[in-house]
Structures are given as C-alpha cells and as structure tokens.
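Okay, structure first, notes after.
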Amino acid sequence: MTKIDIVSGFLGAGKTTLIKKMLKEGFLGEKVVLIENEYGEIGIDGRLFKDFEIEVKEMYAGCICCTIAGDFTMALKEVIKLYEPDRVIIEPSGVGKLSDVVKACGQFVSKGQCDINMRITVVDGTKYKMYLKNFAEFYRDQLIHSNTIFISRTQNMKKDSINSILKDMRLYNKKGTIVSTDWDILSGSQVIEMSEKKERTELLDELKTAECSSRIRRITEPVTVSQVNKTSGHHADEIFKVWGVETANVFDKKHLYKILQELQNQPGFILRAKGILEVEERKWVQFDYVPDEITIRDIAPDYTGRICVIGENMNEDELTKLFGVMS
C-alpha cells in the first residue's frame with residue numbers, strides 16, 4: 001500500500017529543506033513521487049528536486065486544500081495509478097490547512113488505496129509567536145493536526161525561548177512528537193523514524209470527525225487578519241495575496257539583496273518571497289526571504305527567471321517597481 005507523507009508548515013519554515021534531507025538520507029531504494037503545491041502561478045520549488053531520482057508533480061495557482069482541491073484529488077489518483085509508488089510526499093502551500101489536506105486524502109484511505117503515514121508540521125521557531133498571533137487560524141490548524149512537529153532554526157535560539165515554545169505547542173498538540181534538536185545532527189532516517197508513529201485506527205476516527213464537521217462558508221466581504229483571529233473557516237485565498245512574474249532580466253547580486261531588504265518596508269505584510277534569477281557573469285541564484293532573514297545561493301542555470309511574493313494587503317504596482325520587472 002502506498003504511504004502518504006504530508007509535510008506542512010507556514011511560509012518559509014523549512015518544509016523543502018526537510019523533505020530534501022529525507023530524500024537524500026532516508027528513502028533510499030524506494031519509489032517516491034512528490035506533489036509540490038505552489039500558492040502562486042509561478043513554479044519555483046519543483047526545480048529544487050531535479051537532482052533527486054523522483055517524479056515531481058507540480059500544482060500551481062492556489063491551495064490543494066481549497067482553491068484547487070478537485071485538481072489535487074485527480075492528481076493523487078493519477079499518481080497512485082500511474083507510478084504505483086512506495087510513497088507520495090505532499091508538500092502543501094505554506095498557507096494551506098493541514099486538516100483539509102488530510103481530509104482530501106481520506107477517500108483514498110477509506111478505499112484502501114493508500115495509508116496516511118507521516119503528518120509533519122515544520123515551524124520556524126524564531127517566528128513562532130509572531131505568526132501564531134497574526135495568522136492563528138492557519139497556524140493552529142497545522143499544529144493541531146500533525147503527529148510530528150519539527151522546530152527549525154533552533155540553532156539560532158536560546159534554550160529558554162525553545163522551552164517556552166515547547167510548552168505553548170502542547171496547548172495545541174498534546175500527543176505529537178515535537179523535535180527541537182538541530183536538524184544538522186539528525187540523519188534523514190532519524191527524521192523518518194521520529195515521524196512514523198501514528199495508529200491507523202486513530203487516523204480513521206479523525207477523518208470521520210472531520211467529514212461530519214465540514215461546512216462551506218461563503219465570504220461576501222474582504223477578510224482581515226483581525227477577523228481571522230476572531231472567526232474560523234477561512235481559506236487561504238481570502239486572506240493572502242500572491243504576486244509572481246517571469247523575467248529575463250539580469251540582476252546585480254548586491255542590488256538584489258537590497259531589494260529583498262526593502263520588502264519589509266513595502267505596504268502590507270510581506271510574509272515570503274522566493275525566486276530564481278540570472279545575475280551578473282551569466283550566473284544564476286536562488287533567493288529566499290522571510291521577515292528578518294534573507295538567503296541567496298548559487299544554482300545551475302534555469303530556463304528563465306521567476307519571482308514569487310506572498311503576503312497580506314500587498315501593493316503589486318510597488319512590487320513591480322521594486323524588482324524593476326514587467327508584471
């Protein structure tokens with residue numbers, strides 16, 4: 001039976017990094033298919049797995065838990081039938097709800113076509129309190145419905161801060177395994193061993209409960225962060241905006257860093273930016289931005305440059321001007 005491994009987590013938490021670690025060090029000899037969900041219309045993360053001998057199914061322009069849920073169901077059915085994999089790894093959009101992804105897989109579980117194995121949530125420890133405060137509905141859902149929580153960037157945190165987060169997480173998830181150990185000293189096989197500990201009967205009970213309590217909520221007015229924290233039942237596309245563009249422009253690496261620094265001064269709340277761009281001397285880079293953290297690394301040349309920015313109440317015209325591209 002095919003195992004379904006869901007690796008969720010808020011924007012920029014480190015989901016892709018954890019998946020790559022498991023692929024490189026843990027899933028040796030297994031036939032693996034990855035379903036990669038990009039919230040925007042520009043695909044970036046999928047190319048990061050091209051060095052691994054796996055099939056990658058990329059899904060764009062919405063969350064597999066809501067906007068493109070029907071497409072996801074068809075894609076999962078096709079993947080299981082076509083490839084007969086040992087595992088399907090699902091990386092939902094960072095603004096997706098883990099409960100909805102689990103529920104979307106439920107029909108395949110009940111038919112005996114697959115078994116939901118790992119339900120991981122990756123949490124950036126350095127931004128835990130900020131995101132929990134501002135995006136509680138989405139953040140709590142990921143915490144509550146995971147069987148293993150990996151706290152990332154703990155090497156940059158004081159022990160007292162980590163202990164405070166561990167205590168707070170237990171308010172939302174009393175039974176799950178919470179991993180605060182620095183990933184660098186864990187092997188991929190250890191990560192898998194820590195995550196594969198969920199009883200099937202308990203999971204089926206959860207799926208039945210989710211199905212009974214599911215409901216449809218129609219939105220007639222724009223939703224704000226304050227409303228999200230007072231109510232529930234929202235989908236990602238009611239809260240978050242995405243801006244993406246493909247570009248052949250060549251960037252100066254130092255100037256690119258200044259552009260990313262400027263994102264914190266843009267209108268609204270920029271939660272995540274990522275991209276693949278050509279820079280000077282015919283070289284290419286991959287960049288990642290979350291508040292207070294910028295990473296730019298060299299990569300092999302790609303087919304074209306692309307940029308994706310996700311946030312709340314963003315001004316797309318200002319972003320177009322900032323990056324100097326045509327939107």
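Residues are named by chain letter and number: chains run A, B, ... in the order of the structure tokens, numbers start at 1 in each chain, and ligands are numbered from 1 in the order shown.
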Neighbours of Asp5 (chain A) within 7 Å (only C-alpha atoms; same-chain residues fewer than 2 positions away dropped), as an mmCIF file with N, CA and C atoms, in the first residue's frame?
data_model
loop_
_atom_site.group_PDB
_atom_site.id
_atom_site.type_symbol
_atom_site.label_atom_id
_atom_site.label_comp_id
_atom_site.auth_asym_id
_atom_site.auth_seq_id
_atom_site.Cartn_x
_atom_site.Cartn_y
_atom_site.Cartn_z
ATOM 1 N N LYS A 3 2.266 4.753 0.870
ATOM 2 C CA LYS A 3 2.287 5.616 2.046
ATOM 3 C C LYS A 3 2.160 7.075 1.603
ATOM 4 N N VAL A 7 4.008 16.969 4.466
ATOM 5 C CA VAL A 7 4.952 17.854 5.154
ATOM 6 C C VAL A 7 4.417 19.273 5.033
ATOM 7 N N VAL A 88 4.082 8.712 -1.528
ATOM 8 C CA VAL A 88 3.767 10.005 -2.133
ATOM 9 C C VAL A 88 3.998 11.058 -1.059
ATOM 10 N N ILE A 89 4.942 11.946 -1.310
ATOM 11 C CA ILE A 89 5.181 13.063 -0.390
ATOM 12 C C ILE A 89 4.375 14.251 -0.876
ATOM 13 N N ILE A 90 3.600 14.838 -0.006
ATOM 14 C CA ILE A 90 2.790 16.004 -0.356
ATOM 15 C C ILE A 90 3.327 17.213 0.400
ATOM 16 N N ILE A 116 -2.234 7.162 5.187
ATOM 17 C CA ILE A 116 -1.570 8.398 5.603
ATOM 18 C C ILE A 116 -0.567 8.044 6.688
ATOM 19 N N ASN A 117 0.680 8.255 6.394
ATOM 20 C CA ASN A 117 1.775 7.792 7.222
ATOM 21 C C ASN A 117 2.310 8.925 8.107
ATOM 22 N N MET A 118 3.035 9.851 7.531
ATOM 23 C CA MET A 118 3.580 10.975 8.297
ATOM 24 C C MET A 118 2.731 12.224 8.087
ATOM 25 N N ARG A 119 2.462 12.905 9.188
ATOM 26 C CA ARG A 119 1.813 14.225 9.128
ATOM 27 C C ARG A 119 2.717 15.182 9.890
#
Task: Non-local contacts of His145 (chain A) (12 Å; only C-alpha atoms; under 5 positions in same chain excluded) as a PyMOL selection string - done: chain A and resi 6-9+97-103+118-121+138-140+169+172-177+198+203+206-207+210
Open item on the list: Residues of region 86-296 of chain A classed as strand (DSSP E) by DSSP on the backbone are to be reported as a VMD selection string.
Closed with: chain A and resid 87 to 91 114 to 124 148 to 152 177 to 179 241 to 247 250 to 251 269 to 279 283 to 290 293 to 296
With C-alpha atoms retained, write the just-selected residues as a PDB file, in the first residue's frame.
ATOM      1  CA  ARG A  87       5.474   6.812  -1.066  1.00  0.00           C
ATOM      2  CA  VAL A  88       3.767  10.005  -2.133  1.00  0.00           C
ATOM      3  CA  ILE A  89       5.181  13.063  -0.390  1.00  0.00           C
ATOM      4  CA  ILE A  90       2.790  16.004  -0.356  1.00  0.00           C
ATOM      5  CA  GLU A  91       4.170  19.492   0.288  1.00  0.00           C
ATOM      6  CA  CYS A 114      -3.098   4.376   0.467  1.00  0.00           C
ATOM      7  CA  ASP A 115      -2.307   4.979   4.100  1.00  0.00           C
ATOM      8  CA  ILE A 116      -1.570   8.398   5.603  1.00  0.00           C
ATOM      9  CA  ASN A 117       1.775   7.792   7.222  1.00  0.00           C
ATOM     10  CA  MET A 118       3.580  10.975   8.297  1.00  0.00           C
ATOM     11  CA  ARG A 119       1.813  14.225   9.128  1.00  0.00           C
ATOM     12  CA  ILE A 120       4.616  16.672   9.739  1.00  0.00           C
ATOM     13  CA  THR A 121       4.437  20.369  10.527  1.00  0.00           C
ATOM     14  CA  VAL A 122       7.608  22.432  10.255  1.00  0.00           C
ATOM     15  CA  VAL A 123       7.679  25.541  12.454  1.00  0.00           C
ATOM     16  CA  ASP A 124      10.219  28.365  12.288  1.00  0.00           C
ATOM     17  CA  THR A 148       5.255  15.312  14.458  1.00  0.00           C
ATOM     18  CA  ILE A 149       6.353  18.941  14.749  1.00  0.00           C
ATOM     19  CA  PHE A 150       9.874  19.939  13.725  1.00  0.00           C
ATOM     20  CA  ILE A 151      11.076  23.285  15.036  1.00  0.00           C
ATOM     21  CA  SER A 152      13.534  24.812  12.579  1.00  0.00           C
ATOM     22  CA  THR A 177       6.334  14.314  18.884  1.00  0.00           C
ATOM     23  CA  ILE A 178       7.944  17.762  18.994  1.00  0.00           C
ATOM     24  CA  VAL A 179      11.523  17.844  17.702  1.00  0.00           C
ATOM     25  CA  LYS A 241      -2.297  37.657  -1.883  1.00  0.00           C
ATOM     26  CA  VAL A 242       0.367  36.394  -4.245  1.00  0.00           C
ATOM     27  CA  TRP A 243       2.380  38.285  -6.853  1.00  0.00           C
ATOM     28  CA  GLY A 244       4.519  36.419  -9.331  1.00  0.00           C
ATOM     29  CA  VAL A 245       6.360  37.152 -12.540  1.00  0.00           C
ATOM     30  CA  GLU A 246       8.695  35.519 -15.040  1.00  0.00           C
ATOM     31  CA  THR A 247      11.582  37.684 -16.202  1.00  0.00           C
ATOM     32  CA  VAL A 250      19.772  40.085 -15.278  1.00  0.00           C
ATOM     33  CA  PHE A 251      20.219  41.266 -11.682  1.00  0.00           C
ATOM     34  CA  PHE A 269       2.816  42.432   5.312  1.00  0.00           C
ATOM     35  CA  ILE A 270       5.280  40.512   3.108  1.00  0.00           C
ATOM     36  CA  LEU A 271       5.496  37.008   4.544  1.00  0.00           C
ATOM     37  CA  ARG A 272       7.525  35.220   1.906  1.00  0.00           C
ATOM     38  CA  ALA A 273       9.467  35.888  -1.260  1.00  0.00           C
ATOM     39  CA  LYS A 274      11.405  33.386  -3.331  1.00  0.00           C
ATOM     40  CA  GLY A 275      12.805  33.189  -6.797  1.00  0.00           C
ATOM     41  CA  ILE A 276      15.358  32.024  -9.320  1.00  0.00           C
ATOM     42  CA  LEU A 277      17.199  34.733 -11.254  1.00  0.00           C
ATOM     43  CA  GLU A 278      20.126  35.300 -13.569  1.00  0.00           C
ATOM     44  CA  VAL A 279      22.809  37.554 -12.137  1.00  0.00           C
ATOM     45  CA  LYS A 283      25.448  33.042 -13.241  1.00  0.00           C
ATOM     46  CA  TRP A 284      22.179  32.088 -11.548  1.00  0.00           C
ATOM     47  CA  VAL A 285      20.932  32.338  -7.952  1.00  0.00           C
ATOM     48  CA  GLN A 286      18.031  31.142  -5.868  1.00  0.00           C
ATOM     49  CA  PHE A 287      16.785  33.586  -3.233  1.00  0.00           C
ATOM     50  CA  ASP A 288      14.549  33.199  -0.181  1.00  0.00           C
ATOM     51  CA  TYR A 289      13.057  35.883   2.028  1.00  0.00           C
ATOM     52  CA  VAL A 290      11.094  35.709   5.250  1.00  0.00           C
ATOM     53  CA  GLU A 293      16.078  36.610   7.055  1.00  0.00           C
ATOM     54  CA  ILE A 294      17.484  36.671   3.505  1.00  0.00           C
ATOM     55  CA  THR A 295      19.284  33.851   1.708  1.00  0.00           C
ATOM     56  CA  ILE A 296      20.872  33.993  -1.753  1.00  0.00           C
TER      57      ILE A 296
END
TODO: Compare A:Val33, A:Leu28, A:Leu186, A:Leu319 by their minimum atom-to-atom distance to Ile259 (chain A), counting only C-alpha atoms, and give me the closest one.
DONE: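 Of A:Val33, A:Leu28, A:Leu186, A:Leu319, the one nearest Ile259 (chain A), counting only C-alpha atoms, is A:Leu319.
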Open item on the list: What's the separation between CA of Ile54 (chain A) and CA of Lys31 (chain A), in Å to one decimal place?
Closed with: 7.2 Å
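For the choices A:Leu263, A:Val79, A:Ile185, A:Ala300, the atom-to-atom distance to Thr320 (chain A) is smallest for A:Leu263 when using only C-alpha atoms.
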Task: 12 Å contact set for Thr181 (chain A), only C-alpha atoms, chain neighbours under 6 positions out, as a list of chain:residue names - done: A:Gly125, A:Ile149, A:Phe150, A:Ile151, A:Ser152, A:Arg153, A:Thr154, A:Gln155, A:Asn156, A:Met157, A:Lys159, A:Ile162, A:Asn163, A:Leu166, A:Ser187, A:Gln190, A:Val191, A:Met194
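Across the structure, CA of Gly12 (chain A) and CA of Ile80 (chain A) are spaced 28.5 Å apart.
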Task: One-decimal distance in Å that lies between CA of Pro267 (chain A) and CA of Met314 (chain A) - done: 5.7 Å
Open item on the list: DSSP on the backbone, alpha helix (DSSP H) only: what residues of region 126-169 of chain A does that give? Format it as a PyMOL selection string.
Closed with: chain A and resi 128-134+136-144+159-169
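For the residues A:Met1, A:Leu34, A:Met74, A:Cys308, ranking by smallest atom-to-atom distance to Glu58 (chain A) using only C-alpha atoms places A:Leu34 first.
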